[in-house]
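One structure is given here, and the rest of the page talks about it.
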Amino acid sequence: MPQHAVLVLVLPLISAAVIALFLRRAGAVAATVSVLAATAIATIAVILALHGERFERSFEWLRLGGFSVSLGIKFDDLAALMLCVVGVVGLCIHVFSLGYMRDDAARARYFGGLSIFMFSMIGIVLADNLFMMFIFWELVGFSSYVLIGHWHEKQSASDAAKKAFIANRVGDFGFLLGIVMCYWSNGTVNLTALGSQHVYSTLIPLLLFCGAVGKSAQLPLQVWLPDAMEGPTPVSALIHAATMVAAGVYMLCRIHVLMVPEALNVIMWTGTVTALYAALCAITQNDIKKVLAYSTLSQLGYMVAAFGLGSLPQLDERGRMVAMAAGVGAAMFHLTTHACFKALLFLGSGSVIHGCHHEQDIFKMGGLAKRMPLTFVTFTIGVAAIIGLPFLAGFFSKDAILFLAFANNKAVFAVLAFTAVLTALYMIRLWKLTFLGTARSDHAAHAHEGGLTLTSPLVVLAAFSILAGYTGIYPKVFSGVFELIPEAHGSAHTIIFATSLAVLVIGVATGYLLYASGPADSLAQKSPGLFGGLVALKNSFDVAYNYYVAKIQQRFAMLLNFLEQIFLAGLIIRGLAGVVGLFGLGARALHTGNLNAYVYWFLFGVVVLWGFATGALAF
């Protein structure tokens with residue numbers, strides 16, 4: 001089976017290369033090639049997972065003295081699960097893109113970008129060492145930049161692509177430092193070798209966590225994700241809901257053996273605060289995609305908090321270090337269910353936007369339940385899953401995280417439970433304003449359902465959003481992950497179940513009553529002070545970063561440039577020639593070509609000469 005793993009990695013690269021070299025002006029053919037490649041990827045991913053064989057293969061790629069870089073594949077239960085998520089959800093989004101991007105002039109470039117992204121993401125999933133993971137990590141960042149800026153003629157899309165690229169580079173710099181320090185301390189970055197023996201350090205896992213902070217948009221690098229909604233909606237579903245932003249969580253699960261309590265505590269609180277912050281911001285959004293973007297931030301915070309809550313290392317009976325990986329189980333379980341219902345919600349929003357002639361303001365929608373019934377039903381399933389309606393996918397994975405928090409940290413449990421209330425509130429707000437009531441614009445009044453390529457992925461993902469939480473229906477080949485999921489028993493089970501129902505009822509009731517009369521009965525009107533405070537909270541990071549760049553970084557850069565030009569390039573490197581050059585620059589500045597200026601210089605010269613002559617005579 002290793003050859004199949006190589007094939008699933010190479011297929012999207014071949015697809016991207018064929019599109020780039022031969023099909024740049026043949027959009028329909030390029031789309032077909034990309035979708036066929038995605039179909040093959042999903043099929044091979046499922047076959048690899050179900051086959052049950054787990055393996056590792058690697059070869060030396062580069063050697064510099066005693067330093068070597070290897071490329072290899074580590075295919076265990078964790079990789080098998082993530083590969084299935086990427087493959088199946090990726091296929092659904094490819095099919096949806098056929099209808100959504102049908103009239104786009106740059107369709108070939110779009111599908112080529114999807115293929116190179118699939119190649120990059122699969123490389124992260126299969127990587128057997130941190131160096132190889134970092135290579136594909138950067139490729140994912142590049143493909144994300146390309147896809148976010150697909151409509152680069154729009155200034156907002158171009159700016160969003162650059163913002164995402166720069167924010168991710170900040171996190172990736174820390175990630176790279178962590179990899180270098182890990183190699184320096186342990187002599188290897190192979191994931192299996194690190195699991196058997198490694199040096200315990202607080203700094204190494206925290207530096208590696210910087211990569212997850214960037215990719216998974218955790219505080220304080222979360223600012224790029226909402227702006228990334230400028231890209232096409234299928235891109236938002238694939239990259240910014242189901243796969244790329246989950247890469248940070250997957251990476252943490254890969255390196256959980258390196259964790260120490262101090263690092264886990266930082267990770268836990270970073271995820272918890274991110275979950276709360278994003279949920280508060282989502283309440284203020286009018287753009288349907290940005291509501292879902294902040295929802296994604298919040299759910300990623302849940303996953304990161306879950307990992308931090310339950311991945312402590314300990315000694316086994318033989319004295320070897322192993323991991324108490326309940327956090328891995330809870331985080332990956334929620335990653336899997338979230339990929340299903342969040343991809344459904346994003347594609348559902350894409351169906352709404354397409355049906356409403358690219359209107360994205362939920363306050364200009366309304367009444368779409370009758371005009372787009374299939375989208376309404378599937379979107380409702382997605383909303384029910386994310387708010388934790390009992391017996392849907394999100395209910396089970398959210399409860400696993402809440403139980404882990406309840407068992408390990410009551411303060412985190414309280415914050416995450418309150419975040420669940422906010423999740424129900426803003427999702428009911430979104431659902432009610434979009435689908436119920438009467439149409440509030442001509443676009444909404446004339447909305448229509450899309451074709452089969454737009455609706456069939458919604459049906460498939462809706463089914464997954466219902467069933468993905470039942471771990472009993474998964475094949476036993478994923479047991480290496482699902483056996484780690486924490487389960488509440490006895491009184492703890494009763495408390496968690498009661499808490500889940502309570503936060504669901506409170507959130508739904510608040511959201512429904514707050515918008516009982518539609519947009520006119522909104523939070524902004526009922527409590528303008530609270531609404532203004534939430535808007536200020538949302539904008540605070542961008543304001544702070546803009547101030548830092550304009551007032552500190554840019555001025556410091558100008559100072560460095562001045563010092564480099566004058567002292568380094570001028571005096572130190574060029575020496576006397578530099579001094580002469582400076583005088584030459586000054587002399588050239590006098591030659592303005594302006595007669596008035598020359599008259600003033602002439603008079604100034606006469607005065608200087610007269611002063612010199614007078615002084616000489618007096619002497």
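Chain identifiers are assigned as A, B, and so on, following the order in which chains appear in the structure tokens; residues are numbered from 1 within each chain, and ligands are numbered from 1 in order of appearance.
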task: Identify all residues of range 59-261 of chain A in alpha helix (DSSP H) (DSSP on the backbone) and supply them as a ChimeraX atom specification.
output: /A:77-100,107-126,130-148,155-186,191-196,203-215,224-227,233-237,247-254,261
query: Skipping near chain neighbours, those fewer than 5 positions away, what residues fall within 9 Å of Ser479 in chain A using only C-alpha atoms, listed as a PyMOL selection string?
result: chain A and resi 77+474+484
query: Between A:Leu264, A:Leu436, A:Tyr545, A:Leu206, which is the closest to Trp224 in chain A once you count only C-alpha atoms?
result: A:Tyr545
DSSP strand (DSSP E) residues within range 239-382 of chain A, as a ChimeraX atom specification: /A:311-315,321-325
Let me see the file: selected residues, C-alpha atoms, as a PDB file, in the first residue's frame.
ATOM      1  CA  SER A 311      -2.279  15.646  26.322  1.00  0.00           C
ATOM      2  CA  LEU A 312       0.047  15.303  29.310  1.00  0.00           C
ATOM      3  CA  PRO A 313       2.967  12.859  29.101  1.00  0.00           C
ATOM      4  CA  GLN A 314       3.552  10.221  31.754  1.00  0.00           C
ATOM      5  CA  LEU A 315       5.659   7.112  32.390  1.00  0.00           C
ATOM      6  CA  MET A 321       7.383   8.282  28.226  1.00  0.00           C
ATOM      7  CA  VAL A 322       3.917   7.975  26.721  1.00  0.00           C
ATOM      8  CA  ALA A 323       1.126  10.512  26.336  1.00  0.00           C
ATOM      9  CA  MET A 324      -2.179  10.841  28.110  1.00  0.00           C
ATOM     10  CA  ALA A 325      -3.752  11.730  24.796  1.00  0.00           C
TER      11      ALA A 325
END
Polymer residues at most 12 Å from Gly271 in chain A, only C-alpha atoms, same-chain spacing of 3 or more positions, as a PyMOL selection string: chain A and resi 209+212-213+216-220+222+248-249+264-268+274-278+297-309+331+401+412+415-416+419
Could you list, as a compact mmCIF listing (two decimals) with C-alpha atoms, in the first residue's frame, every residue within 6 Å of range 131-148 of chain A, counting only C-alpha atoms and ignoring same-chain residues fewer than 4 positions away?
# COMPACT_ATOMS: atom_id res chain seq x y z
CA LEU A 71 11.28 12.86 3.00
CA PHE A 117 -3.59 23.10 -2.26
CA SER A 120 0.23 20.64 -0.06
CA GLY A 123 1.88 16.41 2.21
CA ILE A 124 1.32 17.77 5.72
CA ALA A 127 4.84 13.84 6.53
CA ALA A 161 -4.31 37.64 0.45
CA PHE A 165 0.39 35.52 3.88
CA ALA A 228 -9.82 35.83 3.86
CA GLY A 231 -11.89 34.64 -1.74
- request: Return the single residue from A:Met427, A:Leu534, A:Ala445, A:Ala420 that is closest to Leu402 in chain A, with distances computed using only C-alpha atoms.
  value: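 Among the listed residues, A:Ala420 lies closest to Leu402 in chain A.
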message: Which residues are close to Arg109 in chain A, i.e. within 8 Å by only C-alpha atoms, leaving aside same-chain residues fewer than 6 positions away? Reply as number ranges by chain.
response: A: 19-20, 24
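Minimum distance to Thr380 in chain A across A:Lys364, A:Lys289, A:Lys432, A:His338 (counting only C-alpha atoms) occurs at A:Lys432.
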field: Point-to-point distance in Å for CA of Ser156 in chain A and CA of Tyr100 in chain A
entry: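 It comes out at 20.5 Å.
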I'd like a table as a tab-separated table: residues in range 104-152 of chain A with an atom no more than 7 Å from range 25-45 of chain A, each row giving the shortest atom pair and its distance in Å to one decimal, only C-alpha atoms counted, sorted by chain and rising residue number.
residue	atom	partner	partner_atom	distance
A:Arg107	CA	A:Gly27	CA	5.0
A:Ala108	CA	A:Gly27	CA	4.4
A:Phe111	CA	A:Ala31	CA	5.8
A:Ser115	CA	A:Ser34	CA	6.2
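Residue nearest Phe435 in chain A within the list A:Gly382, A:Gly99, A:Gly366, A:Pro12: A:Gly366 [criterion: smallest interatomic distance, only C-alpha atoms].
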Within 12 Å of range 510-522 of chain A, which residues of range 232-338 of chain A come that close, and what is the closest atom pair and distance in Å for each? Count only C-alpha atoms and give it as CSV.
residue,atom,partner,partner_atom,distance
A:Ile283,CA,A:Gly511,CA,9.7
A:Thr284,CA,A:Ser522,CA,10.1
A:Gln285,CA,A:Ser522,CA,11.9
A:Asn286,CA,A:Pro519,CA,10.3
Write a file of the just-selected residues containing C-alpha atoms, as a PDB file, in the first residue's frame.
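So the final result, stored in out22.pdb, reads:
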ATOM      1  CA  ILE A 283     -22.592  38.534  16.988  1.00  0.00           C
ATOM      2  CA  THR A 284     -21.779  41.864  15.304  1.00  0.00           C
ATOM      3  CA  GLN A 285     -21.292  40.610  11.743  1.00  0.00           C
ATOM      4  CA  ASN A 286     -23.732  41.231   8.882  1.00  0.00           C
TER       5      ASN A 286
END
Closest of A:Leu389, A:Leu48, A:Val6, A:Ile14 to Val477 in chain A - atom-to-atom distances counting only C-alpha atoms: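 Among the listed residues, A:Leu48 lies closest to Val477 in chain A.
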Using only C-alpha atoms, determine which residues lie at most 12 Å from Lys398 in chain A, disregarding the query and same-chain residues fewer than 2 positions distant; provide the list as a CSV table (one decimal) with N, CA and C atoms, in the first residue's frame.
chain,number,residue,atom,x,y,z
A,299,GLN,N,-14.6,27.7,16.9
A,299,GLN,CA,-14.5,26.2,17.0
A,299,GLN,C,-13.1,25.8,17.0
A,300,LEU,N,-12.2,26.5,16.3
A,300,LEU,CA,-10.8,26.1,16.3
A,300,LEU,C,-10.2,26.3,17.7
A,301,GLY,N,-10.7,27.4,18.4
A,301,GLY,CA,-10.3,27.6,19.8
A,301,GLY,C,-10.7,26.5,20.6
A,302,TYR,N,-11.9,25.9,20.4
A,302,TYR,CA,-12.4,24.7,21.1
A,302,TYR,C,-11.4,23.6,20.9
A,303,MET,N,-11.0,23.3,19.7
A,303,MET,CA,-10.1,22.2,19.4
A,303,MET,C,-8.7,22.4,20.1
A,305,ALA,N,-8.1,24.3,22.7
A,305,ALA,CA,-8.3,24.2,24.2
A,305,ALA,C,-8.4,22.7,24.6
A,306,ALA,N,-9.1,21.9,23.8
A,306,ALA,CA,-9.2,20.5,24.0
A,306,ALA,C,-7.9,19.8,24.1
A,330,ALA,N,-10.2,14.2,21.7
A,330,ALA,CA,-11.2,15.1,21.7
A,330,ALA,C,-11.0,16.2,20.6
A,331,ALA,N,-9.8,16.6,20.4
A,331,ALA,CA,-9.5,17.6,19.3
A,331,ALA,C,-9.8,17.1,18.0
A,332,MET,N,-9.3,15.8,17.7
A,332,MET,CA,-9.5,15.3,16.4
A,332,MET,C,-10.9,14.9,16.1
A,333,PHE,N,-11.6,14.5,17.1
A,333,PHE,CA,-13.1,14.2,17.0
A,333,PHE,C,-13.8,15.4,16.6
A,334,HIS,N,-13.5,16.6,17.3
A,334,HIS,CA,-14.2,17.8,16.9
A,334,HIS,C,-13.7,18.3,15.5
A,335,LEU,N,-12.5,18.1,15.2
A,335,LEU,CA,-12.0,18.5,13.9
A,335,LEU,C,-12.8,17.8,12.8
A,336,THR,N,-13.0,16.5,13.0
A,336,THR,CA,-13.7,15.7,12.0
A,336,THR,C,-15.2,16.1,11.8
A,337,THR,N,-15.9,16.2,13.0
A,337,THR,CA,-17.3,16.6,12.8
A,337,THR,C,-17.4,18.1,12.3
A,338,HIS,N,-16.5,18.9,12.8
A,338,HIS,CA,-16.5,20.3,12.4
A,338,HIS,C,-16.3,20.5,10.9
A,385,ALA,N,-26.2,21.1,14.0
A,385,ALA,CA,-25.0,20.4,14.4
A,385,ALA,C,-24.0,21.3,15.1
A,386,ILE,N,-23.8,22.5,14.7
A,386,ILE,CA,-22.8,23.3,15.3
A,386,ILE,C,-23.3,23.9,16.6
A,387,ILE,N,-24.6,24.0,16.8
A,387,ILE,CA,-25.0,24.5,18.1
A,387,ILE,C,-25.2,23.4,19.1
A,388,GLY,N,-25.0,22.2,18.7
A,388,GLY,CA,-25.0,21.0,19.6
A,388,GLY,C,-26.4,20.4,19.9
A,389,LEU,N,-27.2,20.4,18.9
A,389,LEU,CA,-28.5,19.7,19.1
A,389,LEU,C,-28.3,18.3,19.3
A,390,PRO,N,-28.9,17.7,20.4
A,390,PRO,CA,-28.6,16.3,20.7
A,390,PRO,C,-28.8,15.4,19.5
A,391,PHE,N,-27.8,14.5,19.5
A,391,PHE,CA,-27.8,13.3,18.5
A,391,PHE,C,-27.3,13.7,17.1
A,392,LEU,N,-26.9,15.0,16.9
A,392,LEU,CA,-26.2,15.4,15.7
A,392,LEU,C,-24.7,15.4,16.0
A,393,ALA,N,-23.9,15.5,14.9
A,393,ALA,CA,-22.4,15.3,15.1
A,393,ALA,C,-21.8,16.3,16.1
A,394,GLY,N,-22.1,17.6,16.0
A,394,GLY,CA,-21.5,18.5,16.9
A,394,GLY,C,-21.8,18.3,18.4
A,395,PHE,N,-23.0,17.7,18.7
A,395,PHE,CA,-23.3,17.5,20.0
A,395,PHE,C,-22.3,16.5,20.7
A,396,PHE,N,-21.9,15.5,20.1
A,396,PHE,CA,-21.0,14.5,20.7
A,396,PHE,C,-19.6,15.0,20.8
A,400,ALA,N,-17.6,16.0,24.4
A,400,ALA,CA,-16.3,15.4,24.8
A,400,ALA,C,-15.4,16.5,25.3
A,401,ILE,N,-15.4,17.6,24.6
A,401,ILE,CA,-14.5,18.7,25.0
A,401,ILE,C,-14.9,19.3,26.3
A,402,LEU,N,-16.3,19.5,26.5
A,402,LEU,CA,-16.8,20.1,27.7
A,402,LEU,C,-16.5,19.1,28.9
A,403,PHE,N,-16.6,17.8,28.7
A,403,PHE,CA,-16.3,16.9,29.7
A,403,PHE,C,-14.8,16.9,30.1
A,404,LEU,N,-14.0,17.1,29.1
A,404,LEU,CA,-12.5,17.2,29.4
A,404,LEU,C,-12.2,18.4,30.2
A,405,ALA,N,-12.9,19.5,29.9
A,405,ALA,CA,-12.7,20.8,30.6
A,405,ALA,C,-13.3,20.6,32.0
A,413,PHE,N,-14.0,25.2,31.6
A,413,PHE,CA,-15.3,24.7,31.4
A,413,PHE,C,-16.3,25.8,31.4
A,416,LEU,N,-16.0,27.9,28.1
A,416,LEU,CA,-16.4,27.2,26.9
A,416,LEU,C,-17.9,27.0,26.9
A,417,ALA,N,-18.5,26.8,28.1
A,417,ALA,CA,-20.0,26.6,28.2
A,417,ALA,C,-20.6,28.0,27.8
A,419,THR,N,-19.3,30.2,25.8
A,419,THR,CA,-19.0,30.3,24.4
A,419,THR,C,-20.1,29.5,23.6
A,420,ALA,N,-20.5,28.3,24.1
A,420,ALA,CA,-21.5,27.5,23.5
A,420,ALA,C,-22.8,28.3,23.4
A,423,THR,N,-22.5,30.7,20.6
A,423,THR,CA,-22.5,30.0,19.4
A,423,THR,C,-24.0,29.8,18.9
A,469,GLY,N,-20.8,12.0,14.3
A,469,GLY,CA,-20.6,12.0,15.7
A,469,GLY,C,-20.7,10.6,16.3
A,485,ILE,N,-10.9,9.3,22.7
A,485,ILE,CA,-12.0,10.3,23.0
A,485,ILE,C,-12.5,10.1,24.5
A,486,PRO,N,-12.4,11.2,25.3
A,486,PRO,CA,-12.9,11.0,26.7
A,486,PRO,C,-14.4,10.9,26.7
A,487,GLU,N,-14.9,10.0,27.6
A,487,GLU,CA,-16.3,9.7,27.7
A,487,GLU,C,-16.7,9.9,29.2
A,496,ILE,N,-22.8,17.1,32.2
A,496,ILE,CA,-22.4,17.5,30.9
A,496,ILE,C,-23.6,17.6,30.0
A,497,PHE,N,-24.5,16.6,30.1
A,497,PHE,CA,-25.7,16.5,29.2
A,497,PHE,C,-26.6,17.7,29.6
A,499,THR,N,-25.7,20.5,31.0
A,499,THR,CA,-25.1,21.7,30.6
A,499,THR,C,-25.3,22.0,29.1
A,500,SER,N,-25.1,20.9,28.3
A,500,SER,CA,-25.3,21.1,26.9
A,500,SER,C,-26.7,21.5,26.5
A,501,LEU,N,-27.7,20.9,27.2
A,501,LEU,CA,-29.1,21.3,26.9
A,501,LEU,C,-29.4,22.7,27.4
A,503,VAL,N,-27.2,25.3,27.7
A,503,VAL,CA,-26.6,26.4,26.9
A,503,VAL,C,-27.3,26.4,25.5
A,504,LEU,N,-27.8,25.3,25.0
A,504,LEU,CA,-28.5,25.2,23.8
A,504,LEU,C,-29.8,26.0,23.9
